[in-house]
file coords.csv (CSV, C-alpha atoms and all ligand atoms)
chain,number,residue,atom,x,y,z
H,1235,MET,CA,-32.1,-13.7,4.8
H,1236,ASP,CA,-31.8,-17.2,6.3
H,1237,LEU,CA,-31.9,-19.4,3.2
H,1238,TYR,CA,-29.3,-21.8,4.6
H,1239,SER,CA,-28.5,-23.5,7.9
H,1240,GLY,CA,-26.9,-21.6,10.7
H,1241,VAL,CA,-23.2,-22.0,10.0
H,1242,MET,CA,-23.6,-21.6,6.3
H,1243,ASN,CA,-25.4,-18.4,6.9
H,1244,GLN,CA,-22.6,-17.2,9.2
H,1245,LEU,CA,-20.0,-18.0,6.5
H,1246,ILE,CA,-21.9,-16.1,3.8
H,1247,GLU,CA,-22.3,-13.2,6.2
H,1248,GLU,CA,-18.6,-13.1,7.0
H,1249,PHE,CA,-17.7,-13.2,3.3
H,1250,SER,CA,-20.2,-10.5,2.4
H,1251,GLN,CA,-18.5,-8.1,4.9
H,1252,LEU,CA,-15.3,-8.2,2.9
H,1253,PRO,CA,-14.6,-5.3,0.6
H,1254,GLY,CA,-16.0,-5.8,-2.9
H,1255,ILE,CA,-17.9,-8.9,-2.1
H,1256,GLY,CA,-21.7,-8.8,-2.7
H,1257,GLN,CA,-24.3,-11.3,-1.5
H,1258,LYS,CA,-23.9,-13.5,-4.7
H,1259,THR,CA,-20.2,-13.7,-4.5
H,1260,ALA,CA,-20.3,-14.4,-0.8
H,1261,GLN,CA,-22.6,-17.3,-1.4
H,1262,ARG,CA,-20.4,-18.6,-4.2
H,1263,LEU,CA,-17.3,-18.4,-1.9
H,1264,ALA,CA,-19.1,-20.1,1.0
H,1265,PHE,CA,-20.2,-23.0,-1.2
H,1266,TYR,CA,-16.7,-23.3,-2.6
H,1267,ILE,CA,-15.2,-23.5,1.0
H,1268,VAL,CA,-17.6,-26.2,2.1
H,1269,ASN,CA,-16.7,-28.3,-0.9
H,1270,MET,CA,-12.9,-27.8,-0.5
H,1271,PRO,CA,-10.8,-30.7,1.0
H,1272,LYS,CA,-10.6,-30.2,4.8
H,1273,ASP,CA,-6.8,-29.8,4.9
H,1274,ARG,CA,-7.0,-27.0,2.3
H,1275,VAL,CA,-9.5,-25.1,4.4
H,1276,GLU,CA,-7.3,-25.6,7.4
H,1277,ARG,CA,-4.3,-24.3,5.6
H,1278,PHE,CA,-6.3,-21.3,4.3
H,1279,ALA,CA,-7.6,-20.5,7.8
H,1280,ASN,CA,-4.1,-20.9,9.3
H,1281,VAL,CA,-2.5,-18.5,6.8
H,1282,MET,CA,-5.1,-15.9,7.5
H,1283,MET,CA,-4.4,-16.2,11.3
H,1284,GLN,CA,-0.7,-16.0,10.8
H,1285,ALA,CA,-1.0,-13.0,8.5
H,1286,ARG,CA,-3.1,-11.2,11.0
H,1287,GLU,CA,-0.7,-12.1,13.9
H,1288,LYS,CA,2.7,-11.6,12.2
H,1289,ILE,CA,2.2,-8.7,9.8
H,1290,CYS,CA,3.3,-5.4,11.1
H,1291,TYR,CA,4.7,-2.1,9.9
H,1292,CYS,CA,8.4,-1.9,8.8
H,1293,SER,CA,10.0,0.4,11.4
H,1294,ARG,CA,11.7,2.4,8.6
H,1295,CYS,CA,9.3,2.7,5.6
H,1296,PHE,CA,6.0,1.5,7.3
H,1297,THR,CA,5.2,-0.9,4.6
H,1298,LEU,CA,3.5,-4.1,5.8
H,1299,THR,CA,6.0,-6.9,6.5
H,1300,ASP,CA,6.5,-9.8,8.9
H,1301,ARG,CA,9.9,-8.4,10.0
H,1302,GLU,CA,11.2,-5.5,12.0
H,1303,ILE,CA,12.8,-4.1,8.9
H,1304,CYS,CA,11.2,-5.1,5.5
H,1305,PRO,CA,13.3,-6.9,2.8
H,1306,ILE,CA,13.5,-3.7,0.7
H,1307,CYS,CA,14.9,-1.5,3.5
H,1308,ALA,CA,17.2,-4.2,4.6
H,1309,ASP,CA,18.7,-4.7,1.1
H,1310,PRO,CA,22.1,-3.2,0.9
H,1311,SER,CA,22.0,-3.1,-3.0
H,1312,ARG,CA,19.0,-0.6,-2.9
H,1313,ASP,CA,19.7,3.1,-3.0
H,1314,GLN,CA,18.7,4.1,0.5
H,1315,LYS,CA,19.1,7.8,-0.3
H,1316,THR,CA,16.2,7.9,-2.8
H,1317,ILE,CA,12.8,7.6,-1.1
H,1318,MET,CA,9.6,7.1,-3.1
H,1319,VAL,CA,6.6,8.2,-1.1
H,1320,VAL,CA,3.4,6.2,-1.8
H,1321,GLU,CA,-0.1,6.1,-0.3
H,1322,THR,CA,-0.4,2.4,0.2
H,1323,THR,CA,1.6,-0.8,0.3
H,1324,ARG,CA,-0.3,-1.9,-2.8
H,1325,ASP,CA,1.0,1.2,-4.7
H,1326,GLN,CA,4.5,0.3,-3.5
H,1327,ALA,CA,3.9,-3.3,-4.9
H,1328,ALA,CA,2.9,-1.8,-8.2
H,1329,TYR,CA,6.2,0.1,-8.6
H,1330,GLU,CA,8.1,-2.9,-7.2
H,1331,LYS,CA,6.6,-5.1,-9.9
H,1332,THR,CA,8.2,-3.0,-12.6
H,1333,GLY,CA,11.6,-4.2,-11.2
H,1334,LYS,CA,13.2,-0.9,-12.4
H,1335,TYR,CA,13.1,1.2,-9.3
H,1336,ASN,CA,16.1,0.7,-7.1
H,1337,GLY,CA,15.5,3.2,-4.3
H,1338,VAL,CA,13.5,2.6,-1.1
H,1339,TYR,CA,9.9,3.6,-0.2
H,1340,HIS,CA,7.9,5.4,2.4
H,1341,VAL,CA,4.3,4.3,2.8
H,1342,LEU,CA,1.9,7.0,4.1
H,1343,HIS,CA,-1.1,4.7,4.6
H,1344,GLY,CA,-3.5,7.3,3.3
H,1345,ALA,CA,-3.6,10.8,1.9
H,1346,ILE,CA,-4.6,14.2,3.3
H,1347,SER,CA,-8.3,14.8,2.8
H,1348,PRO,CA,-9.9,17.8,4.4
H,1349,ILE,CA,-13.3,16.5,3.3
H,1350,LEU,CA,-12.9,13.2,5.0
H,1351,GLY,CA,-11.2,14.9,8.0
H,1352,ILE,CA,-7.9,13.2,7.4
H,1353,GLY,CA,-5.1,15.6,8.3
H,1354,PRO,CA,-1.3,15.4,8.1
H,1355,ASN,CA,-1.1,13.7,11.6
H,1356,ASP,CA,-3.4,10.9,10.5
H,1357,ILE,CA,-0.9,9.5,7.9
H,1358,ARG,CA,2.8,8.5,8.4
H,1359,LEU,CA,4.1,12.0,7.5
H,1360,LYS,CA,6.0,12.8,10.7
H,1361,GLU,CA,7.9,9.5,10.2
H,1362,LEU,CA,8.9,10.6,6.7
H,1363,ILE,CA,10.2,14.0,7.9
H,1364,GLN,CA,12.2,12.1,10.6
H,1365,ARG,CA,13.8,10.0,7.9
H,1366,LEU,CA,14.9,13.1,6.1
H,1367,GLU,CA,17.3,13.9,9.0
H,1368,LYS,CA,19.5,11.1,7.7
H,1369,ASP,CA,21.4,11.3,4.4
H,1370,VAL,CA,18.8,11.6,1.7
H,1371,ASP,CA,19.4,12.7,-1.9
H,1372,GLU,CA,15.9,12.7,-3.4
H,1373,VAL,CA,12.2,12.3,-2.3
H,1374,ILE,CA,10.0,11.1,-5.2
H,1375,ILE,CA,6.3,11.9,-4.4
H,1376,ALA,CA,4.3,9.1,-6.0
H,1377,THR,CA,0.9,9.7,-4.4
H,1378,ASN,CA,-2.2,9.1,-6.6
H,1379,SER,CA,-3.3,11.9,-9.0
H,1380,THR,CA,-6.5,12.3,-7.1
H,1381,LEU,CA,-7.4,15.5,-5.2
H,1382,GLU,CA,-6.2,13.9,-2.0
H,1383,GLY,CA,-3.0,12.7,-3.6
H,1384,GLU,CA,-2.2,16.1,-5.1
H,1385,THR,CA,-3.0,17.9,-1.8
H,1386,THR,CA,-0.6,15.5,0.0
H,1387,ALA,CA,2.1,16.0,-2.6
H,1388,MET,CA,1.9,19.8,-2.2
H,1389,TYR,CA,2.0,19.5,1.5
H,1390,ILE,CA,5.0,17.2,1.5
H,1391,SER,CA,6.9,19.4,-1.0
H,1392,LYS,CA,6.4,22.4,1.2
H,1393,LEU,CA,7.8,20.5,4.2
H,1394,ILE,CA,10.8,19.3,2.2
H,1395,LYS,CA,11.7,22.6,0.6
H,1396,PRO,CA,13.6,24.1,3.6
H,1397,THR,CA,15.7,21.0,3.9
H,1398,GLY,CA,17.3,21.5,0.5
H,1399,ILE,CA,16.6,17.9,-0.4
H,1400,LYS,CA,15.6,17.3,-4.0
H,1401,CYS,CA,11.9,16.8,-4.2
H,1402,THR,CA,10.2,15.4,-7.3
H,1403,ARG,CA,6.7,14.5,-8.4
H,1404,ILE,CA,6.0,11.6,-10.8
H,1405,ALA,CA,4.7,12.8,-14.2
H,1406,SER,CA,1.0,12.9,-15.0
H,1407,GLY,CA,1.3,9.9,-17.3
H,1408,VAL,CA,-0.8,8.5,-14.6
H,1409,PRO,CA,-4.4,9.3,-15.4
H,1410,VAL,CA,-6.1,11.9,-13.3
H,1411,GLY,CA,-8.0,10.2,-10.5
H,1412,GLY,CA,-6.3,6.9,-11.1
H,1413,ASP,CA,-5.1,4.6,-8.4
H,1414,LEU,CA,-1.5,3.6,-8.9
H,1415,GLU,CA,-2.1,0.0,-8.3
H,1416,TYR,CA,-4.3,-0.4,-11.4
H,1417,ILE,CA,-1.9,1.2,-13.8
H,1418,ASP,CA,0.3,-0.8,-16.1
H,1419,GLU,CA,4.0,-1.0,-15.7
H,1420,VAL,CA,5.0,0.9,-18.8
H,1421,THR,CA,2.9,3.9,-17.7
H,1422,LEU,CA,4.3,3.7,-14.2
H,1423,LEU,CA,7.9,3.8,-15.5
H,1424,ARG,CA,7.1,6.6,-17.9
H,1425,ALA,CA,5.6,8.6,-14.9
H,1426,LEU,CA,8.8,7.9,-12.9
H,1427,ASP,CA,11.2,8.8,-15.7
H,1428,GLY,CA,9.3,12.0,-16.5
H,1429,ARG,CA,9.2,13.2,-12.9
H,1430,THR,CA,9.6,16.9,-12.3
H,1431,GLU,CA,11.2,18.9,-9.5
H,1432,LEU,CA,8.8,20.6,-7.2
O,1501,ZN,ZN,10.9,-0.9,5.0
call {"tool": "encode", "arguments": {"input": "coords.csv", "output": "structure tokens", "more": "lines below"}}
Ligand code: ZN
result
Amino acid sequence: MDLYSGVMNQLIEEFSQLPGIGQKTAQRLAFYIVNMPKDRVERFANVMMQAREKICYCSRCFTLTDREICPICADPSRDQKTIMVVETTRDQAAYEKTGKYNGVYHVLHGAISPILGIGPNDIRLKELIQRLEKDVDEVIIATNSTLEGETTAMYISKLIKPTGIKCTRIASGVPVGGDLEYIDEVTLLRALDGRTEL
């Protein structure tokens, strides 16, 4: 659909390939960009480039960060012996936003899904097990309450059992099938407080 000139079409095309952006929104964003002051567009483009170049995985918890060790893992006031396992960095951010969790995290970057062909080796599970060789008091499994999230939680709990480390699962205050990142803080905290031992 070539309704606009070449570069405009390209811009719309690029936007429309982003997640959740349909043709209409892509057009709106493209028009917004061409009407923005040049210096703002430049700043925006630069931040995108920098983010892409500098952001990597924390070597301890595998969250996205621009440092070797992320600020949470590097914070001596955080309880390094309590590890909350989440599926994504966005889930981690949801818990972090509550400001009430003082442990550290482990980001799996996905969940086990036999249907989609995602196995234990496709997510950061090995790395979690390696972390358990150090001094750990508790692993809180906060994967989503989807089929994949539950499968992953069961799998992890079986791996942890032999180590004798306390392994808990957040309560089902989190609605079934719900993504953690969309859930309000009160519900998240209730789920954390009501966690049960696996
Ligand atoms: Zn980290």
call {"tool": "residues_near_ligand", "arguments": {"input": "coords.csv", "ligand": "ligand ZN 1501 (chain O)", "cutoff": "10 Å", "atoms": "all atoms listed in the file", "output": "count of residues only"}}
result
22
call {"tool": "closest_residue", "arguments": {"input": "coords.csv", "among": "H:Met1283, H:Ala1328, H:Leu1366, H:Leu1423", "to": "Cys1401 in chain H", "atoms": "only C-alpha atoms"}}
result
H:Leu1366
call {"tool": "atom_distance", "arguments": {"input": "coords.csv", "atom1": "CA of Gly1351 in chain H", "atom2": "CA of Thr1386 in chain H"}}
result
13.3 Å
call {"tool": "residues_around", "arguments": {"input": "coords.csv", "residues": "range 1355-1365 of chain H", "least_positions_apart": "2", "cutoff": "12 Å", "atoms": "only C-alpha atoms", "output": "MDAnalysis selection string"}}
result
chainID H and resid 1291:1297 1314:1322 1338:1348 1350:1353 1367:1375 1386:1387 1389:1397 1399
call {"tool": "atom_distance", "arguments": {"input": "coords.csv", "atom1": "CA of Asp1427 in chain H", "atom2": "CA of Thr1377 in chain H"}}
result
15.3 Å
call {"tool": "closest_residue", "arguments": {"input": "coords.csv", "among": "H:Ile1349, H:Ile1246, H:Lys1331, H:Lys1288", "to": "Lys1258 in chain H", "atoms": "only C-alpha atoms"}}
result
H:Ile1246
call {"tool": "closest_residue", "arguments": {"input": "coords.csv", "among": "H:Pro1310, H:Gly1256, H:Ala1405, H:Ala1264", "to": "Glu1431 in chain H", "atoms": "all atoms listed in the file"}}
result
H:Ala1405
call {"tool": "atom_distance", "arguments": {"input": "coords.csv", "atom1": "CA of Glu1276 in chain H", "atom2": "CA of Leu1237 in chain H"}}
result
25.7 Å
call {"tool": "closest_residue", "arguments": {"input": "coords.csv", "among": "H:Ala1376, H:Met1242, H:Glu1384, H:Asp1325", "to": "Ala1425 in chain H", "atoms": "all atoms listed in the file"}}
result
H:Ala1376
call {"tool": "closest_residue", "arguments": {"input": "coords.csv", "among": "H:Gly1398, H:Arg1286, H:Ile1404, H:Ala1279", "to": "Gly1383 in chain H", "atoms": "only C-alpha atoms"}}
result
H:Ile1404
call {"tool": "decode", "arguments": {"input": "coords.csv", "residues": "range 1310-1358 of chain H", "atoms": "C-alpha atoms", "output": "PDB file, in the first residue's frame"}}
result
ATOM      1  CA  PRO H1310      24.614  -5.052  49.383  1.00  0.00           C
ATOM      2  CA  SER H1311      21.396  -4.149  51.223  1.00  0.00           C
ATOM      3  CA  ARG H1312      19.410  -6.735  49.212  1.00  0.00           C
ATOM      4  CA  ASP H1313      19.013 -10.227  50.614  1.00  0.00           C
ATOM      5  CA  GLN H1314      21.173 -12.209  48.209  1.00  0.00           C
ATOM      6  CA  LYS H1315      20.025 -15.513  49.730  1.00  0.00           C
ATOM      7  CA  THR H1316      16.418 -15.141  48.563  1.00  0.00           C
ATOM      8  CA  ILE H1317      15.948 -15.578  44.827  1.00  0.00           C
ATOM      9  CA  MET H1318      12.671 -14.853  43.070  1.00  0.00           C
ATOM     10  CA  VAL H1319      12.382 -16.658  39.746  1.00  0.00           C
ATOM     11  CA  VAL H1320      10.434 -14.756  37.066  1.00  0.00           C
ATOM     12  CA  GLU H1321       9.832 -15.324  33.376  1.00  0.00           C
ATOM     13  CA  THR H1322      10.765 -11.905  32.043  1.00  0.00           C
ATOM     14  CA  THR H1323      12.489  -8.663  32.995  1.00  0.00           C
ATOM     15  CA  ARG H1324       9.052  -6.999  32.807  1.00  0.00           C
ATOM     16  CA  ASP H1325       7.738  -9.383  35.488  1.00  0.00           C
ATOM     17  CA  GLN H1326      10.751  -8.499  37.602  1.00  0.00           C
ATOM     18  CA  ALA H1327       9.967  -4.806  37.121  1.00  0.00           C
ATOM     19  CA  ALA H1328       6.373  -5.422  38.268  1.00  0.00           C
ATOM     20  CA  TYR H1329       7.606  -6.855  41.588  1.00  0.00           C
ATOM     21  CA  GLU H1330      10.298  -4.227  41.883  1.00  0.00           C
ATOM     22  CA  LYS H1331       7.674  -1.520  41.532  1.00  0.00           C
ATOM     23  CA  THR H1332       5.974  -2.705  44.718  1.00  0.00           C
ATOM     24  CA  GLY H1333       9.141  -1.685  46.581  1.00  0.00           C
ATOM     25  CA  LYS H1334       8.438  -4.375  49.167  1.00  0.00           C
ATOM     26  CA  TYR H1335      10.593  -7.237  47.939  1.00  0.00           C
ATOM     27  CA  ASN H1336      14.133  -7.125  49.245  1.00  0.00           C
ATOM     28  CA  GLY H1337      15.608 -10.283  47.763  1.00  0.00           C
ATOM     29  CA  VAL H1338      17.204 -10.758  44.356  1.00  0.00           C
ATOM     30  CA  TYR H1339      15.824 -12.233  41.127  1.00  0.00           C
ATOM     31  CA  HIS H1340      16.519 -14.790  38.465  1.00  0.00           C
ATOM     32  CA  VAL H1341      15.093 -14.077  35.024  1.00  0.00           C
ATOM     33  CA  LEU H1342      14.395 -17.188  32.941  1.00  0.00           C
ATOM     34  CA  HIS H1343      13.544 -15.372  29.700  1.00  0.00           C
ATOM     35  CA  GLY H1344      10.637 -17.638  28.919  1.00  0.00           C
ATOM     36  CA  ALA H1345       8.853 -20.678  30.264  1.00  0.00           C
ATOM     37  CA  ILE H1346       8.841 -24.353  29.402  1.00  0.00           C
ATOM     38  CA  SER H1347       6.263 -25.079  26.707  1.00  0.00           C
ATOM     39  CA  PRO H1348       6.157 -28.551  25.143  1.00  0.00           C
ATOM     40  CA  ILE H1349       3.587 -27.273  22.618  1.00  0.00           C
ATOM     41  CA  LEU H1350       5.867 -24.512  21.380  1.00  0.00           C
ATOM     42  CA  GLY H1351       8.896 -26.790  21.625  1.00  0.00           C
ATOM     43  CA  ILE H1352      10.523 -24.726  24.386  1.00  0.00           C
ATOM     44  CA  GLY H1353      12.408 -27.045  26.699  1.00  0.00           C
ATOM     45  CA  PRO H1354      14.376 -26.548  29.933  1.00  0.00           C
ATOM     46  CA  ASN H1355      17.546 -25.857  27.954  1.00  0.00           C
ATOM     47  CA  ASP H1356      15.933 -22.987  26.065  1.00  0.00           C
ATOM     48  CA  ILE H1357      15.487 -20.823  29.163  1.00  0.00           C
ATOM     49  CA  ARG H1358      18.027 -19.730  31.821  1.00  0.00           C
TER      50      ARG H1358
END
